[in-house]
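Structure record follows, encoded as structure tokens.
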Amino acid sequence: MEQHLLEEMYASLGISAQVRAFAAETEEQLKERFAAIDRTAEYNQLKVIRAMQENRVSDIHFAATTGYGYNDLGRETLESVYASAFGCESALVRPQITCGTHALHIALSGNLRPGDELLSPVGKPYDTLEEVIGIRESTGSLKEYGVSYRQVDLLPDGSFDYEGIRKALNEKTRLVTIQRSKGYATRPTLSVARIGELIAFIKSIRPDVICMVDNCYGEFVEPTEPSQAGADMIVGSLIKNPGGGLAPIGGYIAGKKECVDRAACRLTAPGLAREVGATLGINQSLFQGFFLAPVVTAGALKGAIFAANLYERLGYPVFPSGDADRHDIIQAITFGTPQGVISFCKGIQAAAPVDSFVTPEPWDMPGYDSQVIMAAGAFVQGSSIELSADGPIKPPYAVYFQGGLTWNHARLGILKSLQQLVDDGVVKL
Ligand SMILES: *Cc1c(COP(=O)(O)O)cnc(C)c1O
């Protein structure tokens with residue numbers, strides 16, 4: 001195809017020649033990194049296909065069940081596919097798991113008993129888990145059920161506080177929760193290799209303790225998952241990476257059979273466990289989304305790296321930095337002004353396939369102590385494997401950016417964000 005056709009298409013979408021040129025220069029420097037991402041995606045794609053072949057996936061598995069959903073062959077096969085791909089004994093993959101927080105809650109409450117202690121050796125967990133655990137008072141928290149909580153922060157240089165962890169492990173410690181992604185904190189995301197080292201250390205002291213990894217945003221970023229590095233359970237959301245953008249709802253827990261089974265008793269009821277749970281016809285989307293997930297995740301990863309490098313060149317602090325190794329798909333960019341955050345989000349919204357015509361505005365979102373602006377034009381509501389951005393309107397005025405079902409869309413979104421910043425007088429090229 002001739003280059004001018006592409007240029008004209010970008011121009012028709014409101015991207016100026018200057019922004020296009022700046023983006024092209026940035027992309028030019030990223031060829032090798034993108035090639036490495038493509039190789040990981042290739043490996044993970046083959047891994048998923050092999051898992052589907054081993055489990056003899058067939059169109060009979062796409063049939064709908066209703067009511068109790070006994071013997072839902074599609075559901076059982078999908079769970080085997082997840083287990084095979086993630087190198088686990090067992091998996092629970094269900095549309096009845098409403099989101100990542102719910103999946104984590106089931107995994108925790110299914111495996112902890114009154115009097116047990118939960119330990120986070122990697123600092124404060126994701127916001128929504130504060131109420132699950134009872135760090136913030138909340139009805140139905142683990143704390144109300146007599147489960148205590150202990151936390152060991154990372155050392156200032158981001159390394160594990162091994163001495164602190166050794167001291168924190170005690171006869172009550174039953175489960176250790178390790179969050180792979182930084183979420184919205186400013187610590188580095190943990191690689192699978194580092195998670196493996198941490199688990200090996202913990203198991204050397206207390207071999208019987210259950211090690212759970214919050215795997216949200218991490219799936220398929222590397223060739224292996226934490227379940228292949230010693231984790232007893234990995235937990236995530238299907239409207240992030242493993243749903244591949246097609247899963248309309250759902251969450252998963254994969255790992256040791258006894259741990260997954262205990263979580264299943266909590267999801268449904270003791271005695272029923274994994275035997276019930278109709279899938280209402282969405283199995284095909286869950287299979288197909290998992291099939292696409294390695295390539296979708298690669299596109300999102302390229303978008304994050306591209307944004308980091310583009311905004312770093314413009315002098316904004318970005319986290320992770322442009323040249324950092326990646327272990328999840330989240331990118332933070334600090335604009336330092338409310339207008340920067342607002343313009344960026346407007347640009348992302350304007351690039352969306354859905355709701356491109358609406359203008360995001362800061363609003364008082366429940367549970368936050370400042371106004372928040374969010375940009376999302378998604379096929380699946382709230383899906384953060386789709387291109388999305390959000391930022392609290394408070395210092396340091398940072399936006400968090402993630403997703404993109406295709407690299408081409410992520411690229412357009414980032415160009416639109418820059419164009420908006422230029423148009424609003426925040427950035428001069
Ligand atoms: C998204 C996420 C969760 C769960 O969030 P939900 O919005 O409930 O799906 C938990 N931990 C991390 C690190 C996450 O990124």
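Labels for the structure tokens follow display order: chains A, B, ..., residues from 1 in each chain, ligands from 1.
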Residues of range 95-327 of chain A in strand (DSSP E) according to DSSP, as a count of residues only?
32
Identify, on the basis of only C-alpha atoms, every residue whose closest approach to Ile135 in chain A does not exceed 12 Å; exclude the query and any residue fewer than 2 positions from it along the same chain; express the result as a list in words.
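Counting only the stated atoms, we get Leu118, Ser120, Lys124, Pro125, Tyr126, Asp127, Thr128, Leu129, Glu130, Glu131, Val132, Ile133, Glu137, Ser138, Thr139, Ser141, Leu142, Lys143, Glu144, Val147, Ser148, Tyr149, Arg150 and Gln151 of chain A.
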Atoms to include: N, CA and C atoms. Write the selected residues as a short mmCIF file (atom, residue, chain, number, x, y, z; two decimals), in the first residue's frame.
```
data_model
loop_
_atom_site.label_atom_id
_atom_site.label_comp_id
_atom_site.auth_asym_id
_atom_site.auth_seq_id
_atom_site.Cartn_x
_atom_site.Cartn_y
_atom_site.Cartn_z
N LEU A 118 -3.31 -14.02 56.84
CA LEU A 118 -2.97 -13.75 55.44
C LEU A 118 -1.77 -12.81 55.44
N SER A 120 0.78 -10.38 53.00
CA SER A 120 1.22 -9.81 51.73
C SER A 120 2.67 -9.36 51.89
N LYS A 124 1.16 -3.06 50.10
CA LYS A 124 -0.30 -2.93 50.10
C LYS A 124 -0.90 -3.50 48.81
N PRO A 125 -1.94 -4.33 48.95
CA PRO A 125 -2.54 -4.88 47.73
C PRO A 125 -3.46 -3.87 47.05
N TYR A 126 -3.92 -4.25 45.87
CA TYR A 126 -4.83 -3.45 45.04
C TYR A 126 -5.99 -2.89 45.89
N ASP A 127 -6.37 -1.66 45.58
CA ASP A 127 -7.39 -0.93 46.34
C ASP A 127 -8.60 -1.75 46.77
N THR A 128 -9.20 -2.47 45.79
CA THR A 128 -10.46 -3.16 46.09
C THR A 128 -10.25 -4.30 47.08
N LEU A 129 -9.01 -4.76 47.24
CA LEU A 129 -8.76 -5.84 48.19
C LEU A 129 -8.72 -5.35 49.63
N GLU A 130 -8.58 -4.04 49.80
CA GLU A 130 -8.54 -3.51 51.16
C GLU A 130 -9.83 -3.86 51.90
N GLU A 131 -10.95 -3.78 51.20
CA GLU A 131 -12.23 -4.11 51.84
C GLU A 131 -12.46 -5.61 51.92
N VAL A 132 -11.94 -6.35 50.94
CA VAL A 132 -12.03 -7.81 51.01
C VAL A 132 -11.31 -8.31 52.25
N ILE A 133 -10.12 -7.79 52.48
CA ILE A 133 -9.29 -8.25 53.60
C ILE A 133 -9.77 -7.64 54.92
N GLU A 137 -12.44 -1.03 57.01
CA GLU A 137 -13.62 -1.70 57.58
C GLU A 137 -14.65 -1.95 56.50
N SER A 138 -15.19 -3.15 56.46
CA SER A 138 -16.16 -3.46 55.44
C SER A 138 -16.99 -4.68 55.85
N THR A 139 -18.28 -4.63 55.55
CA THR A 139 -19.15 -5.75 55.89
C THR A 139 -18.74 -7.00 55.12
N SER A 141 -15.93 -8.69 55.41
CA SER A 141 -14.49 -8.82 55.13
C SER A 141 -13.93 -10.08 55.79
N LEU A 142 -12.75 -10.48 55.35
CA LEU A 142 -12.06 -11.61 55.97
C LEU A 142 -11.85 -11.35 57.46
N LYS A 143 -11.60 -10.10 57.79
CA LYS A 143 -11.39 -9.73 59.20
C LYS A 143 -12.62 -10.11 60.03
N GLU A 144 -13.82 -9.83 59.49
CA GLU A 144 -15.04 -10.19 60.23
C GLU A 144 -15.14 -11.69 60.46
N VAL A 147 -10.06 -13.72 60.19
CA VAL A 147 -8.78 -13.91 59.50
C VAL A 147 -7.95 -12.63 59.68
N SER A 148 -6.77 -12.77 60.24
CA SER A 148 -5.94 -11.58 60.44
C SER A 148 -5.05 -11.36 59.22
N TYR A 149 -4.46 -10.17 59.18
CA TYR A 149 -3.68 -9.77 58.00
C TYR A 149 -2.38 -9.12 58.43
N ARG A 150 -1.35 -9.45 57.72
CA ARG A 150 -0.05 -8.86 57.99
C ARG A 150 0.58 -8.47 56.65
N GLN A 151 1.37 -7.43 56.68
CA GLN A 151 1.95 -6.92 55.43
C GLN A 151 3.43 -6.59 55.63
#
```
Ligand 1: which residues are within 9 Å, counting only C-alpha atoms and all ligand atoms? Reply as a PyMOL selection string.
chain A and resi 98-104+125-129+179-184+214-218+235-240+251+330+382-384
Output of the above residues as a compact mmCIF listing (two decimals), in the first residue's frame, restricted to C-alpha atoms:
```txt
# COMPACT_ATOMS: atom_id res chain seq x y z
CA THR A 98 -18.16 -11.21 38.23
CA CYS A 99 -14.74 -9.53 38.21
CA GLY A 100 -11.15 -9.83 39.38
CA THR A 101 -11.91 -8.73 42.92
CA HIS A 102 -14.59 -11.40 43.17
CA ALA A 103 -12.18 -14.08 41.92
CA LEU A 104 -9.59 -12.99 44.49
CA PRO A 125 -2.54 -4.88 47.73
CA TYR A 126 -4.83 -3.45 45.04
CA ASP A 127 -7.39 -0.93 46.34
CA THR A 128 -10.46 -3.16 46.09
CA LEU A 129 -8.76 -5.84 48.19
CA GLN A 179 0.35 -9.10 43.43
CA ARG A 180 2.18 -9.35 40.12
CA SER A 181 1.12 -6.03 38.62
CA LYS A 182 1.92 -2.74 40.27
CA GLY A 183 -1.73 -1.79 39.78
CA TYR A 184 -1.91 1.90 40.53
CA ASP A 214 -2.97 -11.86 41.81
CA ASN A 215 -2.21 -12.28 38.10
CA CYS A 216 -4.40 -9.40 36.83
CA TYR A 217 -2.91 -7.67 33.75
CA GLY A 218 0.01 -10.12 33.71
CA VAL A 235 -6.15 -15.46 39.86
CA GLY A 236 -7.42 -13.01 37.26
CA SER A 237 -10.23 -11.31 35.39
CA LEU A 238 -11.56 -12.28 31.96
CA ILE A 239 -12.21 -8.66 31.02
CA LYS A 240 -8.49 -8.16 31.16
CA GLY A 251 -12.84 -14.58 36.22
CA ILE A 330 -0.25 -0.62 32.55
CA GLY A 382 -15.33 -1.56 31.96
CA SER A 383 -13.08 -3.87 29.98
CA SER A 384 -9.53 -2.73 30.56
```
Give the helix (DSSP H, G or I) residues of range 201-326 of chain A, as assigned by DSSP on the backbone, as a PyMOL selection string.
chain A and resi 201-205+226-229+241-243+257-267+273-275+283-313
So which one's closest to Met365 in chain A, A:Gly277, A:Gly244, A:Pro392, A:Pro320? Using only C-alpha atoms, please.
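When distances to Met365 in chain A are compared using only C-alpha atoms, the smallest one comes from A:Pro392.
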In terms of only C-alpha atoms, the residue from A:Leu92, A:Phe291, A:Val318, A:Gly230 at minimal distance from Gln53 in chain A is A:Phe291
Could you pull the residues within 7 Å of Gly403 in chain A, counting only C-alpha atoms, minus those fewer than 2 positions along the same chain, as a list in words?
Ala300, Ile329, Ser384, Ile385, Glu386, Leu387, Ser388 and Leu405 of chain A
Exercise: range 40-51 of chain A partners within 8 Å, only C-alpha atoms, chain neighbours under 2 positions left out, as a list in words
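After dropping sequence-adjacent residues, the list is Ala36, Ile37, Asp38, Gln53, Glu54, Asn55, Val81, Tyr82, Ser84, Ala85, Phe220, Val221, Glu222, Pro223, Phe290, Phe291, Leu292, Pro294, Val295, Thr297 and Ala298 of chain A.
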Could you save the residues just selected, with N, CA and C atoms, as a short mmCIF file (atom, residue, chain, number, x, y, z; two decimals), in the first residue's frame?
```cif
data_model
loop_
_atom_site.label_atom_id
_atom_site.label_comp_id
_atom_site.auth_asym_id
_atom_site.auth_seq_id
_atom_site.Cartn_x
_atom_site.Cartn_y
_atom_site.Cartn_z
N ALA A 36 10.59 -8.57 19.83
CA ALA A 36 10.66 -9.47 20.99
C ALA A 36 9.25 -9.76 21.52
N ILE A 37 8.40 -8.75 21.51
CA ILE A 37 7.01 -8.95 21.96
C ILE A 37 6.30 -9.92 21.02
N ASP A 38 6.55 -9.77 19.74
CA ASP A 38 5.92 -10.68 18.76
C ASP A 38 6.37 -12.12 18.98
N GLN A 53 -5.84 -28.25 21.58
CA GLN A 53 -5.75 -29.54 20.88
C GLN A 53 -5.70 -30.69 21.88
N GLU A 54 -4.88 -30.52 22.91
CA GLU A 54 -4.74 -31.59 23.92
C GLU A 54 -6.09 -31.91 24.57
N ASN A 55 -6.91 -30.90 24.70
CA ASN A 55 -8.20 -31.10 25.36
C ASN A 55 -9.33 -31.32 24.36
N VAL A 81 -8.54 -26.41 29.47
CA VAL A 81 -7.67 -25.66 28.56
C VAL A 81 -6.86 -24.62 29.34
N TYR A 82 -7.53 -23.88 30.22
CA TYR A 82 -6.81 -22.91 31.07
C TYR A 82 -5.73 -23.63 31.88
N SER A 84 -4.20 -26.44 31.31
CA SER A 84 -3.08 -26.88 30.46
C SER A 84 -2.20 -25.70 30.07
N ALA A 85 -2.81 -24.62 29.62
CA ALA A 85 -2.02 -23.48 29.13
C ALA A 85 -1.20 -22.85 30.25
N PHE A 220 0.06 -13.69 29.78
CA PHE A 220 0.63 -13.72 28.42
C PHE A 220 1.63 -12.61 28.13
N VAL A 221 2.02 -11.85 29.16
CA VAL A 221 3.06 -10.84 28.93
C VAL A 221 4.42 -11.53 28.83
N GLU A 222 4.56 -12.65 29.55
CA GLU A 222 5.80 -13.43 29.49
C GLU A 222 5.45 -14.84 28.98
N PRO A 223 6.45 -15.63 28.64
CA PRO A 223 6.17 -16.99 28.12
C PRO A 223 5.63 -17.94 29.19
N PHE A 290 -9.77 -16.52 24.68
CA PHE A 290 -8.52 -17.10 25.19
C PHE A 290 -7.57 -17.38 24.03
N PHE A 291 -8.14 -17.82 22.91
CA PHE A 291 -7.35 -18.08 21.71
C PHE A 291 -6.67 -16.79 21.22
N LEU A 292 -7.40 -15.68 21.25
CA LEU A 292 -6.85 -14.41 20.76
C LEU A 292 -5.95 -13.71 21.79
N PRO A 294 -3.16 -14.03 23.54
CA PRO A 294 -1.72 -13.74 23.43
C PRO A 294 -1.42 -12.57 22.48
N VAL A 295 -2.13 -12.51 21.35
CA VAL A 295 -1.87 -11.44 20.38
C VAL A 295 -2.48 -10.12 20.85
N THR A 297 -2.84 -9.20 23.97
CA THR A 297 -1.96 -8.72 25.03
C THR A 297 -0.70 -8.08 24.42
N ALA A 298 -0.19 -8.68 23.35
CA ALA A 298 1.00 -8.13 22.69
C ALA A 298 0.71 -6.73 22.14
#
```
